[in-house]
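Text of target-v1.pdb, listed as PDB, C-alpha atoms:
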```
MODEL        1
ATOM      1  CA  MET A   1       8.004  50.655 -23.624  1.00  0.00           C
ATOM      2  CA  VAL A   2       5.752  48.338 -21.600  1.00  0.00           C
ATOM      3  CA  GLY A   3       2.240  48.121 -23.024  1.00  0.00           C
ATOM      4  CA  GLU A   4      -0.820  49.386 -21.193  1.00  0.00           C
ATOM      5  CA  SER A   5      -2.392  45.926 -21.016  1.00  0.00           C
ATOM      6  CA  THR A   6       0.725  44.599 -19.276  1.00  0.00           C
ATOM      7  CA  LEU A   7       0.741  47.374 -16.687  1.00  0.00           C
ATOM      8  CA  ILE A   8      -2.959  46.943 -15.963  1.00  0.00           C
ATOM      9  CA  SER A   9      -2.581  43.159 -15.628  1.00  0.00           C
ATOM     10  CA  LEU A  10       0.457  43.507 -13.364  1.00  0.00           C
ATOM     11  CA  SER A  11      -1.409  46.037 -11.236  1.00  0.00           C
ATOM     12  CA  ARG A  12      -4.302  43.598 -10.811  1.00  0.00           C
ATOM     13  CA  LEU A  13      -1.954  40.718  -9.971  1.00  0.00           C
ATOM     14  CA  MET A  14      -0.165  42.767  -7.330  1.00  0.00           C
ATOM     15  CA  ALA A  15      -3.495  43.772  -5.767  1.00  0.00           C
ATOM     16  CA  LEU A  16      -4.706  40.164  -5.782  1.00  0.00           C
ATOM     17  CA  GLN A  17      -1.430  39.018  -4.189  1.00  0.00           C
ATOM     18  CA  ARG A  18      -1.844  41.557  -1.388  1.00  0.00           C
ATOM     19  CA  ARG A  19      -5.415  40.382  -0.803  1.00  0.00           C
ATOM     20  CA  LEU A  20      -4.260  36.746  -0.778  1.00  0.00           C
ATOM     21  CA  ASP A  21      -1.579  37.521   1.810  1.00  0.00           C
ATOM     22  CA  VAL A  22      -4.128  39.241   4.046  1.00  0.00           C
ATOM     23  CA  ALA A  23      -6.681  36.425   3.719  1.00  0.00           C
ATOM     24  CA  VAL A  24      -4.048  33.756   4.481  1.00  0.00           C
ATOM     25  CA  ASN A  25      -2.946  35.692   7.568  1.00  0.00           C
ATOM     26  CA  ASN A  26      -6.549  36.026   8.759  1.00  0.00           C
ATOM     27  CA  VAL A  27      -7.156  32.281   8.404  1.00  0.00           C
ATOM     28  CA  ALA A  28      -3.898  31.539  10.237  1.00  0.00           C
ATOM     29  CA  ASN A  29      -5.060  33.737  13.142  1.00  0.00           C
ATOM     30  CA  SER A  30      -8.651  32.513  13.340  1.00  0.00           C
ATOM     31  CA  GLN A  31      -7.849  30.939  16.734  1.00  0.00           C
ATOM     32  CA  THR A  32      -5.619  33.746  18.045  1.00  0.00           C
ATOM     33  CA  THR A  33      -6.996  35.400  21.172  1.00  0.00           C
ATOM     34  CA  GLY A  34      -8.198  38.944  20.578  1.00  0.00           C
ATOM     35  CA  TYR A  35      -7.069  38.959  16.941  1.00  0.00           C
ATOM     36  CA  ARG A  36      -8.914  41.369  14.707  1.00  0.00           C
ATOM     37  CA  ALA A  37      -9.145  40.587  11.015  1.00  0.00           C
ATOM     38  CA  GLN A  38      -7.067  42.690   8.639  1.00  0.00           C
ATOM     39  CA  GLN A  39      -8.581  44.039   5.444  1.00  0.00           C
ATOM     40  CA  LEU A  40      -7.465  46.138   2.483  1.00  0.00           C
ATOM     41  CA  SER A  41      -9.048  49.166   0.909  1.00  0.00           C
ATOM     42  CA  PHE A  42      -8.223  50.143  -2.630  1.00  0.00           C
ATOM     43  CA  GLN A  43      -7.551  53.438  -4.345  1.00  0.00           C
ATOM     44  CA  GLU A  44      -6.911  54.542  -7.880  1.00  0.00           C
ATOM     45  CA  HIS A  45      -3.336  55.183  -8.913  1.00  0.00           C
ATOM     46  CA  LEU A  46      -2.825  57.219 -12.078  1.00  0.00           C
ATOM     47  CA  LYS A  47       0.331  56.359 -13.987  1.00  0.00           C
ATOM     48  CA  PRO A  48       2.240  59.603 -14.667  1.00  0.00           C
ATOM     49  CA  GLU A  49       2.096  60.722 -18.272  1.00  0.00           C
ATOM     50  CA  LYS A  50       5.368  61.189 -20.132  1.00  0.00           C
ATOM     51  CA  LYS A  51       3.808  63.082 -23.063  1.00  0.00           C
ATOM     52  CA  GLN A  52       4.821  60.263 -25.389  1.00  0.00           C
ATOM     53  CA  GLU A  53       2.877  59.165 -28.423  1.00  0.00           C
ATOM     54  CA  ILE A  54       1.739  55.582 -28.964  1.00  0.00           C
ATOM     55  CA  GLY A  55       1.453  55.128 -32.711  1.00  0.00           C
ATOM     56  CA  GLU A  56      -0.518  58.108 -33.969  1.00  0.00           C
ATOM     57  CA  LYS A  57      -2.238  58.767 -30.639  1.00  0.00           C
ATOM     58  CA  PRO A  58      -0.913  60.671 -27.614  1.00  0.00           C
ATOM     59  CA  GLU A  59      -0.378  58.687 -24.421  1.00  0.00           C
ATOM     60  CA  ARG A  60      -3.515  58.467 -22.254  1.00  0.00           C
ATOM     61  CA  PRO A  61      -3.621  58.633 -18.456  1.00  0.00           C
ATOM     62  CA  LEU A  62      -3.513  55.042 -17.201  1.00  0.00           C
ATOM     63  CA  SER A  63      -5.678  54.102 -14.210  1.00  0.00           C
ATOM     64  CA  LEU A  64      -4.162  51.364 -12.025  1.00  0.00           C
ATOM     65  CA  VAL A  65      -5.270  49.835  -8.738  1.00  0.00           C
ATOM     66  CA  ASP A  66      -3.336  50.380  -5.516  1.00  0.00           C
ATOM     67  CA  ALA A  67      -4.015  48.056  -2.558  1.00  0.00           C
ATOM     68  CA  ALA A  68      -1.877  50.046  -0.152  1.00  0.00           C
ATOM     69  CA  LEU A  69      -4.383  50.876   2.577  1.00  0.00           C
ATOM     70  CA  PRO A  70      -4.594  48.131   5.242  1.00  0.00           C
ATOM     71  CA  PHE A  71      -7.068  48.515   8.080  1.00  0.00           C
ATOM     72  CA  THR A  72      -8.363  46.484  11.019  1.00  0.00           C
ATOM     73  CA  SER A  73     -11.905  45.207  11.396  1.00  0.00           C
ATOM     74  CA  ALA A  74     -13.618  46.795  14.408  1.00  0.00           C
ATOM     75  CA  ALA A  75     -16.021  43.884  14.982  1.00  0.00           C
ATOM     76  CA  SER A  76     -15.763  42.173  18.362  1.00  0.00           C
ATOM     77  CA  GLY A  77     -15.086  38.476  18.782  1.00  0.00           C
ATOM     78  CA  ALA A  78     -17.008  36.127  21.081  1.00  0.00           C
ATOM     79  CA  PHE A  79     -16.096  35.953  24.765  1.00  0.00           C
ATOM     80  CA  ARG A  80     -15.166  32.782  26.620  1.00  0.00           C
ATOM     81  CA  SER A  81     -14.692  32.166  30.334  1.00  0.00           C
ATOM     82  CA  THR A  82     -11.272  30.923  31.481  1.00  0.00           C
ATOM     83  CA  GLY A  83     -11.396  31.050  35.299  1.00  0.00           C
ATOM     84  CA  ASN A  84      -7.981  32.789  35.306  1.00  0.00           C
ATOM     85  CA  PRO A  85      -8.244  36.140  37.159  1.00  0.00           C
ATOM     86  CA  LEU A  86      -5.509  37.666  34.974  1.00  0.00           C
ATOM     87  CA  ASP A  87      -7.333  36.884  31.735  1.00  0.00           C
ATOM     88  CA  LEU A  88      -9.172  40.018  30.681  1.00  0.00           C
ATOM     89  CA  ALA A  89     -11.512  41.027  27.888  1.00  0.00           C
ATOM     90  CA  ILE A  90     -12.966  44.374  26.866  1.00  0.00           C
ATOM     91  CA  ASN A  91     -16.666  44.759  26.269  1.00  0.00           C
ATOM     92  CA  GLY A  92     -16.887  47.814  24.023  1.00  0.00           C
ATOM     93  CA  ASN A  93     -14.826  49.799  21.565  1.00  0.00           C
ATOM     94  CA  ALA A  94     -11.466  50.096  23.330  1.00  0.00           C
ATOM     95  CA  TYR A  95      -7.992  48.527  23.501  1.00  0.00           C
ATOM     96  CA  PHE A  96      -5.449  47.663  26.173  1.00  0.00           C
ATOM     97  CA  ALA A  97      -2.352  49.880  25.998  1.00  0.00           C
ATOM     98  CA  ILE A  98       0.977  48.025  25.934  1.00  0.00           C
ATOM     99  CA  GLN A  99       4.493  49.387  26.477  1.00  0.00           C
ATOM    100  CA  THR A 100       7.045  48.385  23.818  1.00  0.00           C
ATOM    101  CA  ASN A 101      10.504  49.556  22.770  1.00  0.00           C
ATOM    102  CA  GLN A 102       8.860  51.089  19.695  1.00  0.00           C
ATOM    103  CA  GLY A 103       6.352  53.073  21.730  1.00  0.00           C
ATOM    104  CA  GLU A 104       2.810  52.453  22.865  1.00  0.00           C
ATOM    105  CA  ARG A 105       0.912  49.681  21.091  1.00  0.00           C
ATOM    106  CA  TYR A 106      -2.633  48.357  21.438  1.00  0.00           C
ATOM    107  CA  THR A 107      -4.333  44.975  21.676  1.00  0.00           C
ATOM    108  CA  ARG A 108      -7.582  43.179  22.448  1.00  0.00           C
ATOM    109  CA  ASP A 109      -5.654  40.154  23.693  1.00  0.00           C
ATOM    110  CA  GLY A 110      -5.974  40.152  27.470  1.00  0.00           C
ATOM    111  CA  SER A 111      -3.941  36.996  28.167  1.00  0.00           C
ATOM    112  CA  PHE A 112      -1.946  38.613  30.957  1.00  0.00           C
ATOM    113  CA  SER A 113       0.229  37.370  33.828  1.00  0.00           C
ATOM    114  CA  LEU A 114       2.641  38.689  36.445  1.00  0.00           C
ATOM    115  CA  ASP A 115       6.374  38.563  35.707  1.00  0.00           C
ATOM    116  CA  ALA A 116       9.193  38.100  38.247  1.00  0.00           C
ATOM    117  CA  LYS A 117       9.016  41.826  39.092  1.00  0.00           C
ATOM    118  CA  GLY A 118       5.286  41.726  39.736  1.00  0.00           C
ATOM    119  CA  ARG A 119       4.472  43.633  36.555  1.00  0.00           C
ATOM    120  CA  LEU A 120       1.278  42.851  34.668  1.00  0.00           C
ATOM    121  CA  VAL A 121       2.547  41.688  31.266  1.00  0.00           C
ATOM    122  CA  THR A 122       1.449  40.127  27.972  1.00  0.00           C
ATOM    123  CA  LEU A 123       2.375  36.599  26.911  1.00  0.00           C
ATOM    124  CA  GLU A 124       5.489  38.106  25.290  1.00  0.00           C
ATOM    125  CA  GLY A 125       6.488  39.821  28.560  1.00  0.00           C
ATOM    126  CA  LEU A 126       5.518  43.355  27.489  1.00  0.00           C
ATOM    127  CA  PRO A 127       4.201  45.562  30.327  1.00  0.00           C
ATOM    128  CA  VAL A 128       0.510  46.425  30.398  1.00  0.00           C
ATOM    129  CA  LEU A 129      -0.047  50.138  30.985  1.00  0.00           C
ATOM    130  CA  GLY A 130      -2.257  51.708  33.596  1.00  0.00           C
ATOM    131  CA  ASP A 131      -3.368  55.316  33.844  1.00  0.00           C
ATOM    132  CA  LYS A 132      -0.154  56.130  35.762  1.00  0.00           C
ATOM    133  CA  GLY A 133       2.296  53.804  34.054  1.00  0.00           C
ATOM    134  CA  VAL A 134       3.110  50.114  34.354  1.00  0.00           C
ATOM    135  CA  ILE A 135       0.928  48.212  36.834  1.00  0.00           C
ATOM    136  CA  ILE A 136       2.967  46.409  39.512  1.00  0.00           C
ATOM    137  CA  ALA A 137       1.545  44.025  42.118  1.00  0.00           C
ATOM    138  CA  PRO A 138       3.349  42.895  45.302  1.00  0.00           C
ATOM    139  CA  LEU A 139       4.229  39.244  44.769  1.00  0.00           C
ATOM    140  CA  ARG A 140       2.490  36.590  46.902  1.00  0.00           C
ATOM    141  CA  SER A 141       0.281  39.190  48.575  1.00  0.00           C
ATOM    142  CA  GLY A 142      -3.110  37.885  47.530  1.00  0.00           C
ATOM    143  CA  GLU A 143      -5.373  37.477  44.519  1.00  0.00           C
ATOM    144  CA  ILE A 144      -5.845  40.315  42.095  1.00  0.00           C
ATOM    145  CA  THR A 145      -9.345  41.492  41.282  1.00  0.00           C
ATOM    146  CA  ILE A 146     -10.187  43.844  38.423  1.00  0.00           C
ATOM    147  CA  ASP A 147     -13.505  45.634  38.359  1.00  0.00           C
ATOM    148  CA  PRO A 148     -15.472  46.636  35.227  1.00  0.00           C
ATOM    149  CA  SER A 149     -13.937  50.123  35.243  1.00  0.00           C
ATOM    150  CA  GLY A 150     -10.439  48.608  34.985  1.00  0.00           C
ATOM    151  CA  ARG A 151      -9.337  49.225  38.575  1.00  0.00           C
ATOM    152  CA  VAL A 152      -6.713  46.668  39.620  1.00  0.00           C
ATOM    153  CA  LEU A 153      -7.159  45.727  43.296  1.00  0.00           C
ATOM    154  CA  MET A 154      -5.306  43.523  45.757  1.00  0.00           C
ATOM    155  CA  GLN A 155      -6.813  43.112  49.234  1.00  0.00           C
ATOM    156  CA  GLN A 156      -9.000  46.157  48.482  1.00  0.00           C
ATOM    157  CA  VAL A 157      -5.900  48.289  47.754  1.00  0.00           C
ATOM    158  CA  GLU A 158      -5.938  49.893  44.316  1.00  0.00           C
ATOM    159  CA  LEU A 159      -2.739  49.215  42.367  1.00  0.00           C
ATOM    160  CA  GLY A 160      -3.786  51.266  39.391  1.00  0.00           C
ATOM    161  CA  ARG A 161      -6.396  51.469  36.672  1.00  0.00           C
ATOM    162  CA  LEU A 162      -5.941  49.834  33.288  1.00  0.00           C
ATOM    163  CA  LYS A 163      -5.379  52.313  30.496  1.00  0.00           C
ATOM    164  CA  LEU A 164      -8.121  51.633  27.976  1.00  0.00           C
ATOM    165  CA  VAL A 165      -7.913  53.703  24.813  1.00  0.00           C
ATOM    166  CA  SER A 166     -10.181  54.239  21.830  1.00  0.00           C
ATOM    167  CA  PHE A 167      -9.783  55.818  18.419  1.00  0.00           C
ATOM    168  CA  ALA A 168     -11.889  58.209  16.406  1.00  0.00           C
ATOM    169  CA  PRO A 169     -14.171  56.626  13.755  1.00  0.00           C
ATOM    170  CA  GLY A 170     -12.197  55.959  10.598  1.00  0.00           C
ATOM    171  CA  ALA A 171      -8.818  55.772  12.338  1.00  0.00           C
ATOM    172  CA  ARG A 172      -6.488  53.256  10.733  1.00  0.00           C
ATOM    173  CA  LEU A 173      -5.075  50.517  12.952  1.00  0.00           C
ATOM    174  CA  GLU A 174      -2.324  48.353  11.463  1.00  0.00           C
ATOM    175  CA  ALA A 175      -0.802  45.093  12.633  1.00  0.00           C
ATOM    176  CA  ALA A 176       2.462  45.639  14.507  1.00  0.00           C
ATOM    177  CA  GLY A 177       3.443  42.029  15.317  1.00  0.00           C
ATOM    178  CA  GLU A 178       2.860  39.946  18.454  1.00  0.00           C
ATOM    179  CA  ASN A 179      -0.903  40.485  18.163  1.00  0.00           C
ATOM    180  CA  LEU A 180      -0.404  44.225  18.658  1.00  0.00           C
ATOM    181  CA  LEU A 181      -1.745  47.176  16.690  1.00  0.00           C
ATOM    182  CA  ARG A 182      -0.388  50.634  15.983  1.00  0.00           C
ATOM    183  CA  SER A 183      -1.857  53.830  14.619  1.00  0.00           C
ATOM    184  CA  ASP A 184      -0.573  57.169  13.387  1.00  0.00           C
ATOM    185  CA  GLN A 185      -3.533  58.801  15.110  1.00  0.00           C
ATOM    186  CA  GLN A 186      -3.436  59.679  18.773  1.00  0.00           C
ATOM    187  CA  PRO A 187      -5.926  57.628  20.831  1.00  0.00           C
ATOM    188  CA  LYS A 188      -8.015  58.999  23.637  1.00  0.00           C
ATOM    189  CA  VAL A 189      -8.473  57.384  27.033  1.00  0.00           C
ATOM    190  CA  SER A 190     -11.796  55.576  27.058  1.00  0.00           C
ATOM    191  CA  ALA A 191     -14.175  57.318  29.452  1.00  0.00           C
ATOM    192  CA  GLY A 192     -16.566  54.657  30.674  1.00  0.00           C
ATOM    193  CA  SER A 193     -17.730  53.561  27.211  1.00  0.00           C
ATOM    194  CA  ALA A 194     -16.040  50.157  27.604  1.00  0.00           C
ATOM    195  CA  THR A 195     -15.892  47.735  30.524  1.00  0.00           C
ATOM    196  CA  VAL A 196     -13.390  45.072  31.568  1.00  0.00           C
ATOM    197  CA  LEU A 197     -14.452  41.445  31.989  1.00  0.00           C
ATOM    198  CA  GLN A 198     -12.248  39.490  34.406  1.00  0.00           C
ATOM    199  CA  ALA A 199     -11.451  35.792  33.840  1.00  0.00           C
ATOM    200  CA  MET A 200     -12.667  36.156  30.248  1.00  0.00           C
ATOM    201  CA  LEU A 201     -10.910  36.280  26.879  1.00  0.00           C
ATOM    202  CA  GLU A 202     -12.100  37.603  23.554  1.00  0.00           C
ATOM    203  CA  GLN A 203     -11.750  35.193  20.668  1.00  0.00           C
ATOM    204  CA  SER A 204     -10.640  36.159  17.175  1.00  0.00           C
ATOM    205  CA  ASN A 205     -13.275  37.999  15.130  1.00  0.00           C
ATOM    206  CA  VAL A 206     -12.198  36.146  11.969  1.00  0.00           C
ATOM    207  CA  GLN A 207     -15.034  34.143  10.410  1.00  0.00           C
ATOM    208  CA  PRO A 208     -13.153  31.098   9.058  1.00  0.00           C
ATOM    209  CA  THR A 209     -15.862  29.965   6.626  1.00  0.00           C
ATOM    210  CA  ILE A 210     -16.080  33.381   4.991  1.00  0.00           C
ATOM    211  CA  GLU A 211     -12.301  33.793   4.867  1.00  0.00           C
ATOM    212  CA  MET A 212     -11.798  30.344   3.332  1.00  0.00           C
ATOM    213  CA  SER A 213     -14.400  31.110   0.659  1.00  0.00           C
ATOM    214  CA  ARG A 214     -12.701  34.426  -0.032  1.00  0.00           C
ATOM    215  CA  LEU A 215      -9.338  32.680  -0.239  1.00  0.00           C
ATOM    216  CA  ALA A 216     -10.632  30.181  -2.821  1.00  0.00           C
ATOM    217  CA  GLU A 217     -12.168  32.979  -4.897  1.00  0.00           C
ATOM    218  CA  LEU A 218      -8.968  35.027  -4.784  1.00  0.00           C
ATOM    219  CA  ASN A 219      -6.899  32.023  -5.871  1.00  0.00           C
ATOM    220  CA  ARG A 220      -9.171  31.505  -8.876  1.00  0.00           C
ATOM    221  CA  SER A 221      -9.005  35.186  -9.795  1.00  0.00           C
ATOM    222  CA  TYR A 222      -5.220  35.173  -9.482  1.00  0.00           C
ATOM    223  CA  GLU A 223      -4.902  32.134 -11.752  1.00  0.00           C
ATOM    224  CA  VAL A 224      -7.135  33.729 -14.408  1.00  0.00           C
ATOM    225  CA  ALA A 225      -5.305  37.069 -14.274  1.00  0.00           C
ATOM    226  CA  SER A 226      -1.926  35.325 -14.404  1.00  0.00           C
ATOM    227  CA  LYS A 227      -2.953  33.295 -17.461  1.00  0.00           C
ATOM    228  CA  LEU A 228      -4.222  36.392 -19.265  1.00  0.00           C
ATOM    229  CA  LEU A 229      -0.938  38.128 -18.590  1.00  0.00           C
ATOM    230  CA  LYS A 230       1.111  35.186 -19.855  1.00  0.00           C
ATOM    231  CA  ASP A 231      -1.019  35.008 -23.008  1.00  0.00           C
ATOM    232  CA  SER A 232      -0.627  38.712 -23.774  1.00  0.00           C
ATOM    233  CA  GLN A 233       1.674  40.054 -26.467  1.00  0.00           C
ATOM    234  CA  ASP A 234       3.746  41.883 -23.888  1.00  0.00           C
ATOM    235  CA  ILE A 235       5.633  38.856 -22.549  1.00  0.00           C
ATOM    236  CA  ASN A 236       8.926  40.316 -23.766  1.00  0.00           C
ATOM    237  CA  GLU A 237       8.262  43.486 -21.767  1.00  0.00           C
ATOM    238  CA  ILE A 238       7.618  41.378 -18.662  1.00  0.00           C
ATOM    239  CA  SER A 239      10.997  39.704 -19.138  1.00  0.00           C
ATOM    240  CA  LYS A 240      12.637  43.120 -19.360  1.00  0.00           C
ATOM    241  CA  LEU A 241      10.984  44.198 -16.129  1.00  0.00           C
ATOM    242  CA  ALA A 242      12.344  41.073 -14.432  1.00  0.00           C
ATOM    243  CA  ASN A 243      15.927  41.834 -15.453  1.00  0.00           C
ATOM    244  CA  VAL A 244      16.776  44.113 -12.547  1.00  0.00           C
ATOM    245  CA  PRO A 245      20.515  44.840 -12.170  1.00  0.00           C
ATOM    246  CA  GLU A 246      22.025  43.566  -8.914  1.00  0.00           C
TER
ENDMDL
END
```
Would you mind writing the file's structure down as structure tokens?
Amino acid sequence: MVGESTLISLSRLMALQRRLDVAVNNVANSQTTGYRAQQLSFQEHLKPEKKQEIGEKPERPLSLVDAALPFTSAASGAFRSTGNPLDLAINGNAYFAIQTNQGERYTRDGSFSLDAKGRLVTLEGLPVLGDKGVIIAPLRSGEITIDPSGRVLMQQVELGRLKLVSFAPGARLEAAGENLLRSDQQPKVSAGSATVLQAMLEQSNVQPTIEMSRLAELNRSYEVASKLLKDSQDINEISKLANVPE
């Protein structure tokens, strides 16, 4: 049977590895438009008891750490002017709604353009949603203007209103690829609490200096925990755990 010290050490190593992965990803996206830093919350995981005895003592409940709760930082990034009328930023707690094959997704990245069909799309070609569906502009019919409420106008004709959504406090937003976010909780349409800034983009809210310091600290902690595990008397048990049948 694997010793308690081995299980506790392995639990810590796995948690540190998850934190390292998150920190590395944050640093890699420190220049990504609209990117919001990912973080991890931790919870206690109690190893199930098997009513076995260890020596002369009954088995005790074993408290392990579980780093299985990712969440997204809600802090805003700085805004920068681009001069491109289809670059948009949100001032306030809201997200653009994006149509994908996996369902509705959300982003703070407003680097939009018009595709060959006149649809307002992301850099990856995914349609941006308005309050009545995908926003489509007649091609070569004039410049698009977007007011603070999210109304999309061309020659004073309204083409639609951007669908801005927000989530209840405490809602978990998880990375879904392509700078998009997803949530198991249903968002609500933002009602005037956020405004749209045209010809502006929001920068990443990652603070590189802090993340690099965190990364160095996590690397040191991982090295120490790994050495303690290797020096433990349970190295044979670790080898057994590694021998997984194919």
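Among the candidates A:Ala168, A:Leu180, A:Ala175, A:Leu13, the one nearest to Lys227 in chain A when counting only C-alpha atoms is A:Leu13.
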Exercise for review: Kindly resolve the PyMOL selection byres ((chain A and resi 147) around 10) on the present coordinates and return the residues as an NGL selection string.
Suggested key: :A and (145-146 or 148-153 or 161 or 195-198)
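The neighbours of Phe167 in chain A here are the residues that come within 10 Å of it, using all atoms listed in the file and leaving out any residue fewer than 5 positions away in the same chain; they are Asn93, Ala94, Tyr95, Arg172, Leu173, Ser183, Gln185, Gln186, Pro187, Lys188, Val189 and Ser190 of chain A.
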Point to revise | Closest of A:Leu86, A:Ile210, A:Val27, A:Ala176 to Ala137 in chain A - atom-to-atom distances counting all atoms listed in the file | key: A:Leu86
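Comparing the minimum interatomic distances between Gly103 in chain A and each of A:Gly118, A:Gly160, A:Pro138, A:Pro127, counting only C-alpha atoms, we find that A:Pro127 sits nearest.
With only C-alpha atoms as the atoms that count, the residue of A:Ser73, A:Gln207, A:Ser11, A:Gln102 with the shortest distance to Ala37 in chain A is A:Ser73.
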Check your understanding: What lies within 12 Å of Gln17 in chain A using only C-alpha atoms, ignoring chain neighbours under 6 positions off, as an MDAnalysis selection string?
Key -> chainID A and resid 10:11 23:24 40 66:68 215 218:223 225:226
Test item: residues at most 7 Å from Arg80 in chain A, all atoms listed in the file, excluding those fewer than 5 positions along its chain, as a PDB file with C-alpha atoms, in the frame of the given file:
```pdb
ATOM      1  CA  MET A 200     -12.667  36.156  30.248  1.00  0.00           C
ATOM      2  CA  LEU A 201     -10.910  36.280  26.879  1.00  0.00           C
ATOM      3  CA  GLU A 202     -12.100  37.603  23.554  1.00  0.00           C
TER       4      GLU A 202
END
```
**Study point:** Residues within 6 Å of (3.6, 45.8, 37.0), file coords, all atoms listed in the file, listed as a PyMOL selection string
**Key:** chain A and resi 118-120+134-137
**Study point:** Answer as a PyMOL selection string, residues within 8 Å of (-6.2, 47.0, 23.7) using all atoms listed in the file
**Key:** chain A and resi 90+94-98+106-110+164-165
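The gap separating CA of Gly34 in chain A from CA of Gln203 in chain A is 5.2 Å, in Å to one decimal.
Using all atoms listed in the file, the nearest neighbour of Leu139 in chain A within the list A:Ala171, A:Leu229, A:Met154, A:Leu123 is A:Met154.
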